[in-house]
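S.K.: Got a structure for you, written out below as structure tokens; questions coming shortly.
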Amino acid sequence: MHNIFMYICLMYSKELLKGTLKTIILKLLSESDSMYGYQITQKVKEITEGKIILTEGALYPALHKLEADGLLSTEKQTVGNRVRKYYSLTQTGNSSAKEKVEELKEFMETLKVIINITPQKLAWSI
């Protein structure tokens, strides 16, 4: 069975990672002029010390969707005898990257509040 939105993840369930891929891509590209797909997968692996490994089946559909949405532009370059497709943020993509990263930060702060709730703080606790 093929799942197009699949991560190979050594530390986290796919439920935790689902929905973050676009934000991860936008964030990485906001810190670089451009990157090609394999480079993105390796950067994620490096940054997370191997805790998150993106598959091609997850990455490329997300890149294509971001491009179709006008958030990424592409440029093909020949390196040796291979053609690489480099992705970079459009102006809209740059704005979206900032918004998505802030949204994720706020969401993580909200989760921290929920996770740190003690039974004494819950109105319904005994």
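Ligands are numbered from 1 in the order shown, residues from 1 within each chain, and chains are lettered A, B, ... in the order they appear in the structure tokens.
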Leaving out Leu89 of chain A and any residue of its chain fewer than 4 positions from it, which residues lie within 12 Å of it when counting only C-alpha atoms, given as a list in words?

M.R.: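 Counting only the stated atoms, we get Ile25, Leu26, Lys27, Leu28, Leu29, Ser30, Glu31, Ser32, Asp33, Ser34, Met35, Leu63, Leu66, Glu67, Asp69, Gly70, Leu71, Leu72, Ser73, Thr74, Glu75, Gly93, Asn94, Ser95, Ser96, Ala97 and Lys98 of chain A.
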
S.K.: Using backbone DSSP assignments, extract all strand (DSSP E or B) residues from segment 30-59 of chain A; output them as a PyMOL selection string.

M.R.: chain A and resi 35-36+52-54

S.K.: Segment 53-95 of chain A: which residues are helix (DSSP H, G or I) by DSSP, as a count of residues only?

M.R.: 18

S.K.: For atom CA of Ala62 of chain A and atom CA of Val79 of chain A, determine how far apart the two atoms are, in Å to one decimal place.

M.R.: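 Between atom CA of Ala62 of chain A and atom CA of Val79 of chain A the gap works out to 23.6 Å.
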
S.K.: Please determine, counting only C-alpha atoms, which residue among A:Glu56, A:Glu106, A:Glu49, A:Glu99 has the shortest atom-to-atom distance to Gly37 of chain A.

M.R.: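 For Gly37 of chain A, the nearest of the given residues is A:Glu56.
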
S.K.: Between A:Val44, A:Thr92, A:Lys112, A:Tyr36, which has the minimum distance to Thr78 of chain A (counting only C-alpha atoms)?

M.R.: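 Using only C-alpha atoms, Thr78 of chain A sits closest to A:Tyr36.
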
S.K.: Considering only C-alpha atoms, state which residue in the set A:Thr90, A:Pro61, A:Asn116, A:Tyr38 is at the smallest distance from Lys22 of chain A.

M.R.: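 For Lys22 of chain A, the nearest of the given residues is A:Pro61.
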
S.K.: Hey, which of A:Val113, A:Ala68, A:Val101, A:Ile52 ends up closest to Lys18 of chain A? Count only C-alpha atoms.

M.R.: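 Of A:Val113, A:Ala68, A:Val101, A:Ile52, the one nearest Lys18 of chain A, counting only C-alpha atoms, is A:Ile52.
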
S.K.: Nearest residue to Glu103 of chain A out of A:Asn81, A:Thr23, A:Ser88, A:Gln42, using only C-alpha atoms?

M.R.: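 Looking at the shortest contact to Glu103 of chain A, the residue is A:Thr23.
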
S.K.: To one decimal place, how far is atom CA of Leu54 of chain A from atom CA of Leu21 of chain A in Å?

M.R.: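 Taking atom CA of Leu54 of chain A as the start and atom CA of Leu21 of chain A as the end point, the length is 8.9 Å.
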